[in-house]
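Visitor: Mind having a look at this structure? Questions to follow.
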2 protein chains.
Amino acid sequence: MKKLSVLLLLVFVQAFAQTEDEKQLRSIYDAALKDGKAYPWLNYLSNQIGGRLSGSVQAQQAVDYTKAQMDSLGLDRVWLQPVMVPKWVRGTPEFAYLETAPGVTSNVPICALGGSIATYGRGVKANVIEVQSIEELATLGKEKISGKIVFFNRPMDPKLVNTFEAYSGAVDQRGRGAAEAGKYEALGVIVRSMNLRLDDYPHAGGMSYGDTPESERVPAAAISTNGADLLSATLRLNPETKFFFKLNCKQLEEVQSYNVIGEIKGSTHPDEIMVIGGHLDSWDLGDGSHDDGAGCVQSMEALRIFKKIGYKPKRTIRVVLFMNEENGLRGGLKYAEIAKNKNENHVFALESDSGGFTPRGFSFNASEANLKQAQSWKSIFEPYNIHMFVKGYAGADIGPLKNDQIVMAGLRPDSQRYFDHHHAENDTFEHVNRRELEQGAAAMTSLLYLFDKYGIVPSDKK
Amino acid sequence: MKKLSVLLLLVFVQAFAQTEDEKQLRSIYDAALKDGKAYPWLNYLSNQIGGRLSGSVQAQQAVDYTKAQMDSLGLDRVWLQPVMVPKWVRGTPEFAYLETAPGVTSNVPICALGGSIATYGRGVKANVIEVQSIEELATLGKEKISGKIVFFNRPMDPKLVNTFEAYSGAVDQRGRGAAEAGKYEALGVIVRSMNLRLDDYPHAGGMSYGDTPESERVPAAAISTNGADLLSATLRLNPETKFFFKLNCKQLEEVQSYNVIGEIKGSTHPDEIMVIGGHLDSWDLGDGSHDDGAGCVQSMEALRIFKKIGYKPKRTIRVVLFMNEENGLRGGLKYAEIAKNKNENHVFALESDSGGFTPRGFSFNASEANLKQAQSWKSIFEPYNIHMFVKGYAGADIGPLKNDQIVMAGLRPDSQRYFDHHHAENDTFEHVNRRELEQGAAAMTSLLYLFDKYGIVPSDKK
């Protein structure tokens, strides 16, 4: 009899808890979907400030604006965390054309890759060698590459349903292409934009020369996908086609910038810190709405919602808007460094840096036990079409916080449209749907709520 | 021992079948995502033909175009099924303004609702009474309504994650508002557009006078959501504000049109017919890309993919592009009528009429046994992010085929952006993402493949 009562009590408690969580998620979604702040905040960041390259005036304006907005939320503490960031500037617009015979030219849209040096003198003009991979360079050798422009043209694979996988499968060309081509005395590098769509936008993005000596560094630019197809078709018709391009970019001295941080102190476990964040910097061609204005305003929205619905977290919830994810990760590194120096106990970190599209779920960089813990909430999320609770990458900015205990998670929005806009001129506010953005914020807030309420299952309790 | 062998054999057969299905789905997705035809077909339908109101030249062009495309697919049979359709025409553009004092006016964007009569003489100008529901009319009574324009302004509920639920909760105002307001001697009806977003597009859509006598019929128009908010705010400031509107629409004689049908004959069960379809007509303000060009090209794509990957269906697969879903459903009714007259055995019908957005899954109007059958394939669909297998509405056009045995299913795309475009000027091709459209086609083809391969579990085998 006694056993039965305990069992009944347990069932009752569990049923009650379930109902309470269901109610809480409903409140969270209601607060996000009716009079939410994520969308108007993003409107300001995108349309009143714009692209926020590290070290730019706009990046500083974004720091000031988001700090002021957090100040108005009634959090327990809001502060700026100083961090030195690289300052790379694009300069005057880039210019490029194909030349099939002397004076017979077609302009094509390009943009310098972030971190590239400028072109020498009045620009580079040379024959072109098209390759599909970095590996192909070794096969061709210096003889065939020296004095030419290397054109990396391997497209993202359209057959992959997860576009981030398609990106991973192609982005080495952008990241390491110039460093590798330089070894073979190439004069420059042109990379097909990381875009699944055929259009006229060149897509920026970071590249690195690694430890290539300065004498071997060559300028690198992205070409739009239509431009890449044109160049490739032209080369097939006339292998002697020349390519001209001029880049005016420059790496300046590092400058002071900031992570923007706000927190609600935990009521019962103030020393357990849960981070939610995105990155405040962006590339400069668009206004950085999806990458990653969306993640910033969704993270701020989570704390606003907690205040609005009167949820007092047990643990300390900290929103962190990281600076310089795009070309240095200095904000993420600085945040983790200071956390370590202060012996802070970070138990959870959630990042949104995959666009403001309809959320499908979360990927977890966490132990099996913690993944199972998250999966146990699947049914509570079902009415909101959040179905994905998988192992995987969580986010670049929170990456440096990694240890054996922390649960790291990344919001997984629908990925189909992301690379249509990523790092390009059309990553702009009008391509964000209000409801999709808001549902991402609500899903993040809900996950934060559940991990705060139930705590992190120790990872040895499998 | 024998039992064990049988068991092992079963496990082996099942594992093998699973692998075969997994491979087949991969082929289907590959065919859709690389060099698929859905997107170029939709490009033609949307940009070379445009909006396809029943009885219009464009509707006939769409019939001719899709018939010709089907003819090129090497199907076993392609034909046109004649059906008489209503022909309602919008006439010259509508016009409306608010008048807060004589001569002090603000124009607002409106459009006639499909099926409405025109305004009398030079237009209707009258005081306005704003209501939130049809029920409110009875409370107000003839005294307060007579001689006025009734303004239905209950918005779609933004808190509902499924926007189709929000639509269902508001659309009675558009469908029955005029018929009801006419009973109280209103002079006209203005309905807030069925749109969750604030913007300047009036959204068309069908309305019906039901059995209202002609003398009580009043003209009815939709106003954009921004226009509705302006009108409501203006009325609060000045309840004497007048509204003027002029509609030039007309119901003409019925005309001949067609359902466009193509089929692959079943190899082993040719008498079991499986339908896949969408509707070819659309409203006239946009080009009908999402509603329902998308569903048409996805359905055609399914048959193209079967031919492309060499899958020979056991059952007869029939693509049906229905005419006149928007203002009459004549195509769906005619198709079912002829199927019945011919004693055809329809075992399955799948409709796509919720936009060309990323597919989330399917809703089934089917027995529990058949729902379970579909749910048993959930894991095969998981790599493609198809997670929704629920009971629910399948589609208007296939509705008349309903009987106790048939499995009816509807594609369920992500619904967040649908009502931003639905029946409005901005339901246009550039708002369709190629990959989202293609994945809808692939998901539909996959479900068709599985039901064809395994057959429909009889619904008494629960």
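Naming scheme: A, B, ... for chains in displayed order of the structure tokens; residues 1 onward per chain; ligands 1 onward as shown.
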Give me the residues within 12 Å of Ile456 in chain A as an mmCIF file with N, CA and C atoms, in the first residue's frame, counting only C-alpha atoms and dropping any in the same chain fewer than 3 places off.

Guide:
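Final output, around-v2.cif:
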data_model
loop_
_atom_site.group_PDB
_atom_site.id
_atom_site.type_symbol
_atom_site.label_atom_id
_atom_site.label_comp_id
_atom_site.auth_asym_id
_atom_site.auth_seq_id
_atom_site.Cartn_x
_atom_site.Cartn_y
_atom_site.Cartn_z
ATOM 1 N N HIS A 269 21.091 29.218 -6.691
ATOM 2 C CA HIS A 269 22.446 28.805 -7.081
ATOM 3 C C HIS A 269 23.133 29.920 -7.860
ATOM 4 N N GLU A 272 26.188 29.214 -10.125
ATOM 5 C CA GLU A 272 26.096 28.446 -11.368
ATOM 6 C C GLU A 272 25.632 29.390 -12.474
ATOM 7 N N ILE A 273 26.483 29.540 -13.478
ATOM 8 C CA ILE A 273 26.207 30.543 -14.512
ATOM 9 C C ILE A 273 25.734 29.874 -15.799
ATOM 10 N N MET A 274 24.659 30.418 -16.351
ATOM 11 C CA MET A 274 24.135 29.942 -17.628
ATOM 12 C C MET A 274 24.209 31.092 -18.620
ATOM 13 N N ARG A 315 19.463 29.835 -11.095
ATOM 14 C CA ARG A 315 20.872 30.023 -11.430
ATOM 15 C C ARG A 315 21.070 31.403 -12.059
ATOM 16 N N HIS A 346 30.637 27.922 -15.049
ATOM 17 C CA HIS A 346 29.657 27.954 -16.137
ATOM 18 C C HIS A 346 29.099 26.550 -16.349
ATOM 19 N N VAL A 347 27.791 26.403 -16.171
ATOM 20 C CA VAL A 347 27.186 25.074 -16.283
ATOM 21 C C VAL A 347 26.461 24.862 -17.603
ATOM 22 N N PHE A 348 26.154 25.955 -18.288
ATOM 23 C CA PHE A 348 25.333 25.869 -19.504
ATOM 24 C C PHE A 348 25.635 27.068 -20.392
ATOM 25 N N ALA A 349 25.693 26.831 -21.691
ATOM 26 C CA ALA A 349 25.856 27.945 -22.636
ATOM 27 C C ALA A 349 25.080 27.625 -23.903
ATOM 28 N N ALA A 366 27.591 18.110 -25.539
ATOM 29 C CA ALA A 366 27.354 17.768 -24.131
ATOM 30 C C ALA A 366 27.476 16.261 -23.958
ATOM 31 N N SER A 367 27.467 15.825 -22.707
ATOM 32 C CA SER A 367 27.540 14.389 -22.431
ATOM 33 C C SER A 367 26.253 13.701 -22.870
ATOM 34 N N ALA A 369 24.407 11.912 -21.042
ATOM 35 C CA ALA A 369 23.409 12.105 -19.985
ATOM 36 C C ALA A 369 22.670 13.422 -20.195
ATOM 37 N N ASN A 370 23.414 14.458 -20.544
ATOM 38 C CA ASN A 370 22.775 15.757 -20.714
ATOM 39 C C ASN A 370 21.963 15.831 -22.005
ATOM 40 N N LEU A 371 22.442 15.132 -23.017
ATOM 41 C CA LEU A 371 21.646 15.065 -24.254
ATOM 42 C C LEU A 371 20.313 14.382 -23.956
ATOM 43 N N LYS A 372 20.379 13.266 -23.195
ATOM 44 C CA LYS A 372 19.144 12.546 -22.836
ATOM 45 C C LYS A 372 18.217 13.440 -22.008
ATOM 46 N N GLN A 373 18.831 14.214 -21.116
ATOM 47 C CA GLN A 373 18.036 15.125 -20.300
ATOM 48 C C GLN A 373 17.239 16.080 -21.201
ATOM 49 N N ALA A 374 17.929 16.640 -22.175
ATOM 50 C CA ALA A 374 17.247 17.562 -23.098
ATOM 51 C C ALA A 374 16.176 16.824 -23.898
ATOM 52 N N GLN A 405 32.117 19.299 -17.972
ATOM 53 C CA GLN A 405 30.821 19.344 -17.299
ATOM 54 C C GLN A 405 29.783 20.204 -18.011
ATOM 55 N N ILE A 406 30.240 21.236 -18.674
ATOM 56 C CA ILE A 406 29.308 22.214 -19.218
ATOM 57 C C ILE A 406 28.426 21.608 -20.327
ATOM 58 N N VAL A 407 27.175 22.036 -20.352
ATOM 59 C CA VAL A 407 26.284 21.707 -21.454
ATOM 60 C C VAL A 407 26.304 22.884 -22.423
ATOM 61 N N MET A 408 26.727 22.614 -23.642
ATOM 62 C CA MET A 408 26.727 23.667 -24.647
ATOM 63 C C MET A 408 25.704 23.308 -25.724
ATOM 64 N N LEU A 447 14.350 26.401 -23.387
ATOM 65 C CA LEU A 447 15.426 25.470 -23.038
ATOM 66 C C LEU A 447 16.190 25.978 -21.805
ATOM 67 N N LEU A 448 16.415 27.270 -21.775
ATOM 68 C CA LEU A 448 17.094 27.900 -20.643
ATOM 69 C C LEU A 448 16.275 27.690 -19.357
ATOM 70 N N TYR A 449 14.985 27.910 -19.493
ATOM 71 C CA TYR A 449 14.084 27.721 -18.353
ATOM 72 C C TYR A 449 14.176 26.295 -17.812
ATOM 73 N N LEU A 450 14.137 25.316 -18.702
ATOM 74 C CA LEU A 450 14.129 23.923 -18.262
ATOM 75 C C LEU A 450 15.456 23.526 -17.618
ATOM 76 N N PHE A 451 16.567 23.921 -18.224
ATOM 77 C CA PHE A 451 17.863 23.593 -17.614
ATOM 78 C C PHE A 451 18.054 24.346 -16.298
ATOM 79 N N ASP A 452 17.512 25.552 -16.205
ATOM 80 C CA ASP A 452 17.619 26.286 -14.940
ATOM 81 C C ASP A 452 16.782 25.612 -13.863
ATOM 82 N N LYS A 453 15.576 25.232 -14.242
ATOM 83 C CA LYS A 453 14.661 24.666 -13.255
ATOM 84 C C LYS A 453 15.161 23.319 -12.733
ATOM 85 N N SER A 459 27.246 14.538 -15.468
ATOM 86 C CA SER A 459 27.422 13.740 -16.684
ATOM 87 C C SER A 459 27.866 12.314 -16.398
ATOM 88 N N ASP A 460 28.253 11.976 -15.135
ATOM 89 C CA ASP A 460 28.572 10.578 -14.842
ATOM 90 C C ASP A 460 27.320 9.750 -14.557
ATOM 91 N N LYS A 461 26.215 10.420 -14.273
ATOM 92 C CA LYS A 461 24.935 9.717 -14.073
ATOM 93 C C LYS A 461 24.326 9.371 -15.416
#

Visitor: Counting only C-alpha atoms, which residues of chain B come no farther than 9 Å from chain A, as a count of residues only?

Guide: 29

Visitor: Contacts of Lys334 in chain B at 12 Å or less, counting only C-alpha atoms, minus same-chain residues fewer than 6 places along, as a PyMOL selection string?

Guide: chain B and resi 81-85+257-259+320+322-325+328+340-341+397-401

Visitor: Determine which residues of range 202-264 of chain B DSSP labels as alpha helix (DSSP H) from the backbone of this structure, then write them out as a list in words.

Guide: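 Here are the alpha helix (DSSP H) residues of range 202-264 of chain B: Thr225, Asn226, Gly227, Ala228, Asp229, Leu230, Leu231, Ser232, Ala233, Thr234, Leu235, Arg236 and Leu237 of chain B.
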
Visitor: Run DSSP on the backbone of this structure and report the residues of range 73-276 of chain A it assigns to strand (DSSP E or B), as number ranges by chain.

Guide: A: 77-89, 95-101, 104-107, 110-112, 114, 124-131, 149-152, 188-192, 206, 220-223, 242-246, 250-264, 269-276

Visitor: Counting only C-alpha atoms, what are the residues of range 348-397 of chain B within 10 Å of range 287-293 of chain B, and for each of them which pair of atoms is the nearest and at what distance in Å, to one decimal? Sort the table by chain and rising number, as a tab-separated table.

Guide:
residue	atom	partner	partner_atom	distance
B:Ser352	CA	B:Asp292	CA	7.8
B:Asp353	CA	B:Asp292	CA	5.7
B:Ser354	CA	B:Asp291	CA	7.0
B:Gly355	CA	B:His290	CA	4.4
B:Gly356	CA	B:His290	CA	5.4
B:Phe357	CA	B:His290	CA	8.2

Visitor: Pick out the residues sitting within 10 Å of range 213-223 of chain B, and hand them over as a PyMOL selection string; count only C-alpha atoms, and ignore anything fewer than 5 positions along from it in its own chain.

Guide: chain B and resi 94+96+108-120+123-124+149-153+174-175+177-194+200-205+207-208+228-229+231+245-249
